[in-house]
$ cat model_26.cif   # mmCIF, C-alpha atoms
data_final
loop_
_atom_site.label_atom_id
_atom_site.label_comp_id
_atom_site.auth_asym_id
_atom_site.auth_seq_id
_atom_site.Cartn_x
_atom_site.Cartn_y
_atom_site.Cartn_z
CA MET E 1 -9.53 -33.23 20.31
CA VAL E 2 -10.14 -32.49 16.62
CA GLU E 3 -6.97 -32.37 14.57
CA PRO E 4 -6.44 -29.00 12.86
CA GLN E 5 -6.76 -28.53 9.13
CA TYR E 6 -4.13 -26.63 7.16
CA VAL E 7 -5.10 -24.60 4.08
CA GLN E 8 -2.15 -24.07 1.75
CA PHE E 9 -2.59 -21.24 -0.77
CA GLU E 10 -0.57 -21.03 -3.96
CA GLY E 11 2.24 -18.49 -3.70
CA LEU E 12 2.26 -18.46 0.11
CA LYS E 13 5.08 -20.22 1.92
CA HIS E 14 3.12 -20.83 5.13
CA PRO E 15 -0.45 -22.18 5.52
CA VAL E 16 -3.54 -21.10 7.45
CA ALA E 17 -4.36 -23.41 10.39
CA LEU E 18 -8.02 -24.04 11.30
CA GLU E 19 -8.64 -25.65 14.70
CA ASN E 20 -12.24 -26.85 15.01
CA ALA E 21 -13.29 -24.03 12.68
CA ASP E 22 -15.70 -25.62 10.20
CA GLU E 23 -17.61 -22.35 9.70
CA ILE E 24 -14.42 -20.58 8.60
CA ALA E 25 -13.36 -23.57 6.49
CA ALA E 26 -16.67 -23.32 4.61
CA MET E 27 -16.36 -19.57 3.96
CA LEU E 28 -12.76 -19.45 2.75
CA PRO E 29 -13.32 -21.30 -0.57
CA THR E 30 -16.23 -18.94 -1.35
CA VAL E 31 -14.28 -15.75 -0.68
CA LEU E 32 -11.04 -17.07 -2.21
CA SER E 33 -12.57 -19.03 -5.09
CA ALA E 34 -10.05 -17.76 -7.67
CA TRP E 35 -6.97 -18.31 -5.47
CA PRO E 36 -5.79 -21.94 -5.86
CA HIS E 37 -5.46 -23.79 -2.57
CA HIS E 38 -5.73 -27.23 -1.03
CA THR E 39 -6.42 -28.59 2.45
CA LEU E 40 -4.02 -30.79 4.43
CA ASN E 41 -4.95 -32.89 7.45
CA THR E 42 -1.36 -33.36 8.59
CA PRO E 43 1.02 -30.57 9.63
CA PRO E 44 3.09 -29.27 6.69
CA SER E 45 6.80 -28.61 6.97
CA ASP E 46 6.26 -24.85 7.32
CA PRO E 47 4.28 -23.64 10.37
CA PRO E 48 1.09 -21.60 9.86
CA PHE E 49 1.31 -17.81 9.59
CA VAL E 50 -2.13 -17.52 11.19
CA THR E 51 -4.24 -19.91 13.30
CA ILE E 52 -8.01 -19.76 13.86
CA ARG E 53 -9.56 -21.15 17.08
CA PRO E 54 -13.05 -20.99 18.62
CA ALA E 55 -13.54 -18.22 21.19
CA GLY E 56 -17.26 -18.70 21.96
CA PRO E 57 -20.53 -18.81 20.00
CA ASP E 58 -19.82 -17.33 16.56
CA ARG E 59 -16.55 -15.91 17.89
CA TRP E 60 -13.09 -16.82 16.68
CA ASP E 61 -9.57 -15.99 17.74
CA VAL E 62 -7.16 -14.97 14.98
CA ILE E 63 -3.66 -15.83 16.21
CA ARG E 64 -0.76 -14.46 14.17
CA ALA E 65 2.54 -16.30 14.23
CA ASP E 66 4.48 -13.08 14.86
CA GLN E 67 2.21 -11.97 17.75
CA PRO E 68 0.75 -15.13 19.33
CA GLU E 69 0.21 -13.44 22.69
CA THR E 70 -2.32 -10.92 21.31
CA PRO E 71 -5.11 -12.75 19.42
CA ARG E 72 -7.87 -10.76 17.75
CA THR E 73 -11.44 -11.97 18.27
CA TRP E 74 -14.17 -11.60 15.63
CA ASP E 75 -17.36 -13.07 14.27
CA GLY E 76 -17.08 -15.40 11.26
CA VAL E 77 -17.12 -12.80 8.46
CA ASN E 78 -14.67 -10.46 10.18
CA THR E 79 -12.43 -13.44 10.88
CA VAL E 80 -12.29 -14.13 7.14
CA CYS E 81 -11.57 -10.42 6.55
CA ASP E 82 -8.66 -10.64 8.99
CA ILE E 83 -7.31 -13.80 7.34
CA VAL E 84 -7.39 -12.04 3.95
CA ALA E 85 -5.48 -9.07 5.40
CA GLU E 86 -2.83 -11.39 6.86
CA MET E 87 -2.57 -13.18 3.51
CA ALA E 88 -1.48 -9.89 1.95
CA TRP E 89 1.44 -9.74 4.39
CA GLU E 90 2.28 -13.39 3.83
CA ARG E 91 2.27 -12.78 0.07
CA LEU E 92 5.03 -10.21 0.55
CA ARG E 93 7.00 -12.38 2.95
CA SER E 94 6.83 -15.21 0.41
CA ASP E 95 7.94 -12.96 -2.49
CA PRO E 96 9.85 -9.97 -1.03
CA ASP E 97 10.63 -8.47 -4.46
CA LEU E 98 7.00 -7.43 -4.87
CA LEU E 99 5.76 -3.91 -4.31
CA CYS E 100 2.31 -4.03 -2.77
CA LEU E 101 -0.21 -1.21 -2.97
CA HIS E 102 -3.30 -0.72 -0.83
CA ALA E 103 -5.42 -0.19 -3.92
CA ALA E 104 -8.17 -1.46 -6.16
CA ALA E 105 -7.28 -2.45 -9.72
CA ILE E 106 -9.59 -2.98 -12.70
CA ASP E 107 -8.93 -4.22 -16.22
CA PHE E 108 -9.50 -1.45 -18.77
CA ASN E 109 -9.01 -3.12 -22.15
CA GLY E 110 -5.84 -4.99 -21.20
CA ARG E 111 -4.36 -2.33 -18.89
CA LEU E 112 -4.87 -1.93 -15.17
CA VAL E 113 -6.35 1.24 -13.80
CA VAL E 114 -5.18 1.42 -10.18
CA MET E 115 -7.14 3.30 -7.53
CA PRO E 116 -5.06 3.69 -4.34
CA ASN E 117 -6.83 3.72 -1.01
CA ALA E 118 -7.77 6.90 0.80
CA ARG E 119 -9.99 7.20 3.86
CA ARG E 120 -13.69 7.13 2.94
CA ALA E 121 -12.84 7.38 -0.77
CA GLY E 122 -14.98 4.36 -1.66
CA LYS E 123 -12.44 2.42 -3.74
CA SER E 124 -14.05 -0.99 -3.08
CA THR E 125 -17.56 0.20 -3.92
CA LEU E 126 -16.37 1.93 -7.08
CA ALA E 127 -14.38 -1.17 -8.09
CA ILE E 128 -17.49 -3.32 -7.61
CA ALA E 129 -19.57 -0.87 -9.65
CA LEU E 130 -17.00 -1.14 -12.47
CA ALA E 131 -17.04 -4.95 -12.18
CA ARG E 132 -20.83 -4.90 -12.61
CA LEU E 133 -20.20 -3.30 -16.01
CA GLY E 134 -18.19 -6.38 -17.00
CA ARG E 135 -14.67 -5.16 -16.22
CA PRO E 136 -12.54 -7.92 -14.61
CA LEU E 137 -11.51 -7.08 -11.08
CA TYR E 138 -7.89 -7.69 -10.10
CA SER E 139 -8.25 -6.37 -6.58
CA ASP E 140 -10.56 -4.28 -4.47
CA ASP E 141 -8.04 -3.94 -1.62
CA PHE E 142 -4.38 -4.89 -2.16
CA LEU E 143 -2.45 -5.18 -5.42
CA PRO E 144 0.94 -6.90 -5.72
CA VAL E 145 3.05 -5.13 -8.35
CA ARG E 146 6.20 -6.45 -9.98
CA VAL E 147 8.66 -3.89 -11.36
CA ASP E 148 10.89 -5.87 -13.74
CA ALA E 149 14.32 -4.43 -14.50
CA THR E 150 14.89 -6.91 -17.34
CA THR E 151 11.73 -6.14 -19.32
CA ARG E 152 11.52 -2.55 -18.00
CA SER E 153 7.86 -3.09 -17.20
CA CYS E 154 5.50 -2.94 -14.23
CA ALA E 155 2.55 -5.28 -13.90
CA GLY E 156 -0.19 -5.78 -11.35
CA ILE E 157 -1.01 -9.32 -10.22
CA ALA E 158 -4.55 -10.57 -9.54
CA ASN E 159 -5.09 -11.86 -6.02
CA GLY E 160 -8.14 -14.03 -6.74
CA ILE E 161 -10.23 -12.64 -3.87
CA GLN E 162 -13.93 -11.82 -4.18
CA PRO E 163 -14.67 -8.13 -3.48
CA ARG E 164 -15.96 -6.99 -0.11
CA LEU E 165 -18.69 -4.35 0.11
CA ARG E 166 -19.12 -2.17 3.17
CA LEU E 167 -22.71 -2.08 4.49
CA PRO E 168 -25.08 -0.34 4.42
CA LEU E 169 -24.80 0.90 0.86
CA PRO E 170 -24.49 4.68 0.48
CA GLU E 171 -27.52 6.56 -0.78
CA GLY E 172 -28.08 6.99 -4.48
CA PHE E 173 -27.53 3.45 -5.78
CA SER E 174 -30.00 2.01 -8.26
CA ASP E 175 -32.61 -0.60 -7.42
CA SER E 176 -30.77 -3.11 -9.63
CA PHE E 177 -27.54 -2.58 -7.64
CA HIS E 178 -29.42 -3.14 -4.37
CA ASP E 179 -31.11 -6.24 -5.82
CA ASP E 180 -27.79 -7.71 -7.01
CA VAL E 181 -26.26 -7.22 -3.57
CA ALA E 182 -29.28 -8.66 -1.78
CA GLN E 183 -29.43 -11.74 -4.03
CA ASP E 184 -25.71 -12.51 -3.95
CA PRO E 185 -25.15 -15.59 -1.74
CA GLY E 186 -21.80 -14.38 -0.40
CA PRO E 187 -21.17 -14.39 3.39
CA SER E 188 -22.13 -11.21 5.22
CA ASN E 189 -22.65 -9.53 8.58
CA ARG E 190 -23.88 -6.05 9.50
CA GLN E 191 -20.59 -4.46 8.37
CA TYR E 192 -19.55 -6.31 5.22
CA LYS E 193 -20.71 -8.57 2.44
CA TYR E 194 -18.52 -10.54 0.05
CA LEU E 195 -19.91 -10.62 -3.48
CA THR E 196 -19.40 -13.92 -5.26
CA LYS E 197 -20.77 -13.02 -8.70
CA ALA E 198 -18.25 -10.29 -9.63
CA PRO E 199 -15.91 -11.06 -12.57
CA VAL E 200 -12.68 -11.66 -10.61
CA ALA E 201 -9.45 -12.33 -12.51
CA PRO E 202 -7.81 -15.62 -11.42
CA TRP E 203 -4.93 -15.53 -8.96
CA GLY E 204 -1.55 -14.88 -10.57
CA GLU E 205 -2.86 -13.38 -13.81
CA SER E 206 -1.02 -10.15 -14.57
CA LEU E 207 -1.54 -7.05 -16.70
CA PRO E 208 0.61 -3.96 -17.30
CA LEU E 209 -0.29 -0.92 -15.24
CA GLY E 210 -1.97 1.70 -17.41
CA ALA E 211 -2.99 4.61 -15.16
CA MET E 212 -3.40 5.76 -11.56
CA VAL E 213 -6.70 7.30 -10.47
CA MET E 214 -6.74 8.93 -7.03
CA LEU E 215 -10.23 9.09 -5.55
CA GLU E 216 -11.91 12.06 -3.92
CA ARG E 217 -15.47 11.27 -2.91
CA ARG E 218 -17.67 14.31 -2.22
CA ASP E 219 -20.59 14.38 0.20
CA ALA E 220 -22.62 16.79 -1.93
CA PRO E 221 -24.06 15.55 -5.24
CA GLN E 222 -21.94 16.49 -8.24
CA PRO E 223 -21.13 15.02 -11.66
CA PRO E 224 -17.95 12.89 -11.72
CA GLN E 225 -14.86 14.70 -12.99
CA LEU E 226 -11.51 13.22 -14.04
CA SER E 227 -8.56 15.64 -14.10
CA PRO E 228 -4.74 15.41 -14.12
CA MET E 229 -3.08 15.24 -10.69
CA ALA E 230 0.19 16.75 -9.46
CA ARG E 231 2.92 14.12 -9.37
CA GLU E 232 4.17 15.08 -5.89
CA ASP E 233 0.72 14.42 -4.42
CA ALA E 234 0.48 11.07 -6.18
CA LEU E 235 3.99 10.10 -5.05
CA ALA E 236 3.16 10.88 -1.43
CA SER E 237 -0.09 8.90 -1.64
CA LEU E 238 1.53 5.83 -3.18
CA ILE E 239 4.35 5.81 -0.64
CA THR E 240 1.91 5.85 2.25
CA GLN E 241 -0.28 3.16 0.64
CA ASN E 242 2.62 0.81 -0.11
CA PHE E 243 3.09 -1.78 2.61
CA ALA E 244 6.05 -3.88 1.44
CA ARG E 245 7.80 -3.45 4.77
CA THR E 246 10.39 -6.13 4.15
CA ARG E 247 11.60 -4.33 1.04
CA HIS E 248 14.38 -1.78 1.22
CA ALA E 249 12.95 1.75 1.48
CA GLY E 250 15.26 2.96 -1.29
CA ALA E 251 13.90 0.30 -3.64
CA ILE E 252 10.32 1.25 -2.71
CA LEU E 253 11.00 4.94 -3.34
CA ARG E 254 12.65 4.24 -6.69
CA SER E 255 9.79 1.95 -7.77
CA VAL E 256 7.05 4.39 -6.77
CA ASP E 257 9.01 7.27 -8.32
CA LEU E 258 9.11 5.35 -11.60
CA LEU E 259 5.38 4.61 -11.49
CA THR E 260 4.51 8.28 -11.04
CA ARG E 261 6.94 9.38 -13.75
CA HIS E 262 5.79 6.92 -16.42
CA LEU E 263 2.06 6.45 -15.78
CA PRO E 264 -0.71 8.99 -16.36
CA ILE E 265 -2.11 10.11 -13.00
CA TYR E 266 -5.61 11.45 -12.49
CA ARG E 267 -7.84 12.63 -9.68
CA LEU E 268 -11.48 11.52 -9.80
CA SER E 269 -13.93 13.73 -7.91
CA TYR E 270 -17.33 12.07 -7.58
CA HIS E 271 -20.37 11.59 -5.39
CA CYS E 272 -22.07 8.38 -6.57
CA ALA E 273 -19.91 5.31 -7.30
CA GLU E 274 -22.40 3.89 -9.80
CA GLU E 275 -22.46 7.14 -11.79
CA ALA E 276 -18.65 7.39 -11.57
CA ALA E 277 -18.23 3.84 -12.88
CA GLU E 278 -20.28 4.64 -15.99
CA TYR E 279 -18.27 7.84 -16.46
CA LEU E 280 -14.88 6.08 -16.17
CA SER E 281 -15.91 3.19 -18.42
CA THR E 282 -16.55 5.54 -21.33
CA HIS E 283 -13.88 8.14 -20.62
CA PRO E 284 -11.60 8.59 -23.67
CA ASP E 285 -8.45 9.07 -21.55
CA LEU E 286 -8.85 5.53 -20.17
CA ALA E 287 -10.00 3.84 -23.38
CA VAL E 288 -6.56 3.13 -24.88
CA LEU E 289 -3.76 3.11 -22.32
CA PRO E 290 -0.21 2.18 -23.37
CA ALA E 291 1.83 -0.08 -21.14
CA ALA E 292 4.36 2.02 -19.27
CA GLN E 293 7.86 1.50 -20.68
CA LEU E 294 10.32 2.23 -17.91
CA PRO E 295 13.88 3.45 -18.43
CA GLU E 296 16.77 1.08 -17.90
CA LEU E 297 16.63 -0.05 -14.30
CA ALA E 298 19.30 -1.24 -11.95
CA GLN E 299 18.49 -4.40 -10.05
CA ASP E 300 17.95 -3.64 -6.35
CA ASP E 301 17.18 -6.66 -4.23
CA ARG E 302 18.30 -5.26 -0.90
CA GLN E 303 16.09 -6.08 2.05
CA ALA E 304 15.33 -3.77 4.95
CA PRO E 305 17.34 -4.83 8.03
CA LEU E 306 14.30 -5.43 10.20
CA ASP E 307 16.45 -6.07 13.28
CA GLN E 308 17.11 -2.29 13.30
CA LEU E 309 13.45 -1.32 13.57
CA ASN E 310 13.57 -1.20 17.38
CA ARG E 311 17.16 -0.01 17.61
CA PRO E 312 17.24 3.73 18.45
CA ALA E 313 19.31 6.08 16.33
CA PRO E 314 22.12 8.03 18.06
CA ASP E 315 20.94 11.09 19.98
CA PHE E 316 21.09 14.41 18.14
CA ALA E 317 23.68 16.90 19.46
CA LYS E 318 23.19 20.60 18.67
CA GLU E 319 26.90 21.39 18.57
CA GLN E 320 27.77 18.43 16.32
CA CYS E 321 28.33 18.85 12.57
CA TYR E 322 26.07 16.58 10.50
CA VAL E 323 26.16 15.45 6.90
CA GLN E 324 23.84 13.51 4.60
CA ALA E 325 24.10 9.79 5.32
CA ALA E 326 25.54 7.48 2.69
CA GLY E 327 23.17 5.46 0.51
CA VAL E 328 20.15 7.79 0.75
CA ALA E 329 17.77 7.51 -2.21
CA GLU E 330 16.29 10.85 -3.25
CA SER E 331 13.40 11.84 -5.50
CA VAL E 332 12.81 15.55 -6.19
CA VAL E 333 9.36 16.58 -7.40
CA GLY E 334 8.85 20.29 -7.95
CA ASP E 335 10.18 22.05 -4.86
CA GLU E 336 9.68 19.05 -2.57
CA ALA E 337 11.88 16.02 -1.98
CA PHE E 338 11.37 12.42 -0.84
CA LEU E 339 14.21 10.58 0.88
CA ALA E 340 14.76 6.92 1.75
CA ASP E 341 17.41 6.26 4.36
CA GLY E 342 20.33 4.01 3.54
CA SER E 343 19.34 1.42 6.14
CA GLY E 344 16.15 0.83 4.17
CA LEU E 345 13.75 1.45 7.04
CA GLY E 346 11.77 4.54 6.08
CA ILE E 347 10.78 7.28 3.63
CA PHE E 348 10.72 10.97 4.53
CA ARG E 349 8.91 13.87 2.79
CA LEU E 350 10.53 17.33 2.80
CA ASN E 351 8.76 20.62 2.12
CA PRO E 352 10.67 23.39 0.27
CA VAL E 353 12.36 24.83 3.40
CA SER E 354 13.23 21.38 4.72
CA ALA E 355 14.61 20.49 1.30
CA ALA E 356 16.84 23.59 1.48
CA ILE E 357 18.22 22.45 4.85
CA TRP E 358 18.78 18.99 3.41
CA ALA E 359 20.78 20.57 0.57
CA LEU E 360 22.97 22.43 3.10
CA LEU E 361 23.81 19.10 4.72
CA GLU E 362 25.63 17.90 1.61
CA GLU E 363 28.64 19.34 3.48
CA PRO E 364 29.29 18.97 7.22
CA THR E 365 27.05 21.58 8.90
CA ASP E 366 25.92 22.20 12.47
CA LEU E 367 22.66 23.66 13.73
CA ALA E 368 24.12 27.14 14.30
CA GLU E 369 25.29 27.39 10.69
CA VAL E 370 21.92 26.22 9.37
CA VAL E 371 20.17 28.89 11.47
CA GLU E 372 22.60 31.57 10.32
CA ILE E 373 22.07 30.79 6.62
CA LEU E 374 18.29 30.58 6.92
CA SER E 375 18.10 33.80 8.94
CA GLU E 376 19.84 35.62 6.10
CA ALA E 377 17.50 34.02 3.54
CA PHE E 378 14.33 34.79 5.58
CA PRO E 379 15.00 38.05 7.46
CA ASP E 380 11.29 38.54 8.30
CA VAL E 381 11.07 35.26 10.24
CA PRO E 382 12.04 35.42 13.95
CA VAL E 383 15.36 33.73 14.67
CA ASP E 384 13.81 31.76 17.55
CA GLN E 385 11.29 30.22 15.17
CA ILE E 386 13.99 29.34 12.61
CA THR E 387 16.10 27.80 15.38
CA THR E 388 13.23 25.68 16.72
CA ASP E 389 12.08 24.52 13.29
CA SER E 390 15.63 23.73 12.12
CA GLU E 391 16.45 21.78 15.27
CA ASN E 392 13.22 19.77 15.03
CA LEU E 393 13.95 18.89 11.42
CA MET E 394 17.57 17.90 12.08
CA ARG E 395 16.46 15.77 15.02
CA SER E 396 13.93 14.05 12.78
CA LEU E 397 16.51 13.50 10.03
CA ALA E 398 18.96 12.05 12.57
CA ARG E 399 16.25 9.81 14.06
CA ALA E 400 15.45 8.55 10.55
CA ARG E 401 19.17 7.91 9.93
CA LEU E 402 19.14 10.31 7.00
CA ILE E 403 21.96 12.42 8.46
CA THR E 404 24.90 11.27 10.52
CA PRO E 405 27.61 12.99 12.56
CA ALA E 406 30.29 14.19 10.14
CA SER E 407 33.01 12.40 12.10
CA HIS E 408 31.17 9.08 11.62
CA SER E 409 30.82 9.77 7.91
CA MET E 410 34.55 10.49 7.52
CA ALA E 411 35.47 7.36 9.50
CA ALA E 412 33.28 5.25 7.23
CA GLN E 413 35.14 6.61 4.19
#
$ encode --input "model_26.cif" --output "structure tokens"
Amino acid sequence: MVEPQYVQFEGLKHPVALENADEIAAMLPTVLSAWPHHTLNTPPSDPPFVTIRPAGPDRWDVIRADQPETPRTWDGVNTVCDIVAEMAWERLRSDPDLLCLHAAAIDFNGRLVVMPNARRAGKSTLAIALARLGRPLYSDDFLPVRVDATTRSCAGIANGIQPRLRLPLPEGFSDSFHDDVAQDPGPSNRQYKYLTKAPVAPWGESLPLGAMVMLERRDAPQPPQLSPMAREDALASLITQNFARTRHAGAILRSVDLLTRHLPIYRLSYHCAEEAAEYLSTHPDLAVLPAAQLPELAQDDRQAPLDQLNRPAPDFAKEQCYVQAAGVAESVVGDEAFLADGSGLGIFRLNPVSAAIWALLEEPTDLAEVVEILSEAFPDVPVDQITTDSENLMRSLARARLITPASHSMAAQ
């Protein structure tokens, strides 16, 4: 039996274990060339967070420490992709104070322009196109962000991972782009190719965040267009793209709220990533970006009580009076509101009517009173519809631990 190798990456508490996986061991240093690491032939004191084992010809099992009974099986390149994804989680477990965004980040003259993920938006391809223009790439997938209460700053941290391109390339790319991809020696399969020649910032290097650019890729050809974006839409997008699940939801909401308040936010509509990269590189709004200076922040190092994730909330009772739960973090943007429950487990978005019901629950209120008040405010809406919608919302708020029976609230006081 071949003894496993253990790859220890800087900044990660636990290693990657490779059991008779020479193919994977050869690919990892290529893909993670800018992330310092070393190989151990004896078991370290901390067990591996992921283990790789052979599962057949060019097939590998990816076994996660938290779910060892359900391995995922891939070819070599997809196995490396899976390891990289698990490293993002391990990065957060190793440094729980970090906010982590599912986003690409590129150096624009000493400031990071962050492009959060959206389905089929093409963030990785656009990031690679910008890197081809000489802009250092901090991430094409996940970006650790540190919001520092002492310096009142927020900075993105390079992850040292080579970018991954989805294959085949979309139509419209230049011959030189195709040639660069074809000649790059990075590992590939029919789905993905890692590019090893992109200018990747070394692991741990940090830069202040300068702007957020939300991507909207169009199927029909059109010139790229950068325009300001509504803050409530950006806030919702960043909340859904954050995946720091060990961090208290209130701290996440406050951090993301600060980012959207103190960074310029744009929407980029485009068709061709190569054309959009040229457009962004010369756009005057991105040429000189100040580092966001945040207001005075309170330290918040609470952790989400993960043991409550599978613990059901008390059942909702129609006749019971409810009141807003203690410790809820709230961010109001326009006529919408975002709430983080006091237990730190989730974030909830309220539309204008839901926000009005939430406001009523500042004082002990039951479902019948909510329906009565809303029926007076909206006389043209059938009472049955108001009743159903109000009950569904209150049930959801109770399930999310955002409201609690008024008797419980008084007892806690």
$ resolve_selection --input "model_26.cif" --expression "the PyMOL selection byres ((chain E and resi 142) around 9)" --output "JSON, numbers by chain"
{"E": [85, 88, 100, 101, 102, 103, 104, 105, 116, 139, 140, 141, 143, 144, 159]}
$ atom_distance --input "model_26.cif" --atom1 "CA of Val147 in chain E" --atom2 "CA of Asp97 in chain E"
8.5 Å
$ atom_distance --input "model_26.cif" --atom1 "CA of Ala155 in chain E" --atom2 "CA of Leu339 in chain E"
24.6 Å
$ residues_around --input "model_26.cif" --residues "Tyr322 in chain E" --least-positions-apart "6" --cutoff "7 Å" --atoms "only C-alpha atoms" --output "list of chain:residue names"
E:Leu361, E:Pro364, E:Thr365, E:Asp366, E:Ile403, E:Thr404, E:Pro405, E:Ala406
$ residues_around --input "model_26.cif" --residues "Val383 in chain E" --least-positions-apart "4" --cutoff "9 Å" --atoms "only C-alpha atoms" --output "ChimeraX atom specification"
/E:371-372,374-375,379,387-388
$ atom_distance --input "model_26.cif" --atom1 "CA of Glu216 in chain E" --atom2 "CA of Ala131 in chain E"
19.6 Å
$ resolve_selection --input "model_26.cif" --expression "the PyMOL selection byres ((chain E and resi 335) around 10)" --output "PyMOL selection string"
chain E and resi 232+332-334+336-337+350-353+355-356
$ closest_residue --input "model_26.cif" --among "E:His37, E:Pro228, E:Pro221, E:Ala149" --to "Leu263 in chain E" --atoms "only C-alpha atoms"
E:Pro228
$ closest_residue --input "model_26.cif" --among "E:Leu92, E:Ile265, E:Leu32, E:Ala292" --to "Pro163 in chain E" --atoms "only C-alpha atoms"
E:Leu32
$ residues_near_point --input "model_26.cif" --point "(-2.1, -0.7, -17.8)" --cutoff "8 Å" --atoms "all atoms listed in the file" --output "list of chain:residue names"
E:Asp107, E:Phe108, E:Gly110, E:Arg111, E:Leu112, E:Val113, E:Ala155, E:Leu207, E:Pro208, E:Leu209, E:Gly210, E:Ala211, E:Leu289, E:Pro290, E:Ala291, E:Ala292
$ resolve_selection --input "model_26.cif" --expression "the PyMOL selection byres ((chain E and resi 6) around 7)" --output "ChimeraX atom specification"
/E:4-5,7-8,15-18,39-41,43
$ residues_around --input "model_26.cif" --residues "Arg190 in chain E" --least-positions-apart "4" --cutoff "12 Å" --atoms "all atoms listed in the file" --output "ChimeraX atom specification"
/E:75-78,165-169,194
$ residues_around --input "model_26.cif" --residues "Ala21 in chain E" --least-positions-apart "2" --cutoff "9 Å" --atoms "only C-alpha atoms" --output "list of chain:residue names"
E:Pro4, E:Gln5, E:Leu18, E:Glu19, E:Glu23, E:Ile24, E:Ala25, E:Ala26, E:Ile52, E:Arg53, E:Pro54, E:Trp60
$ closest_residue --input "model_26.cif" --among "E:Cys321, E:Ala182, E:Leu402, E:Ile357" --to "Ala377 in chain E" --atoms "only C-alpha atoms"
E:Ile357
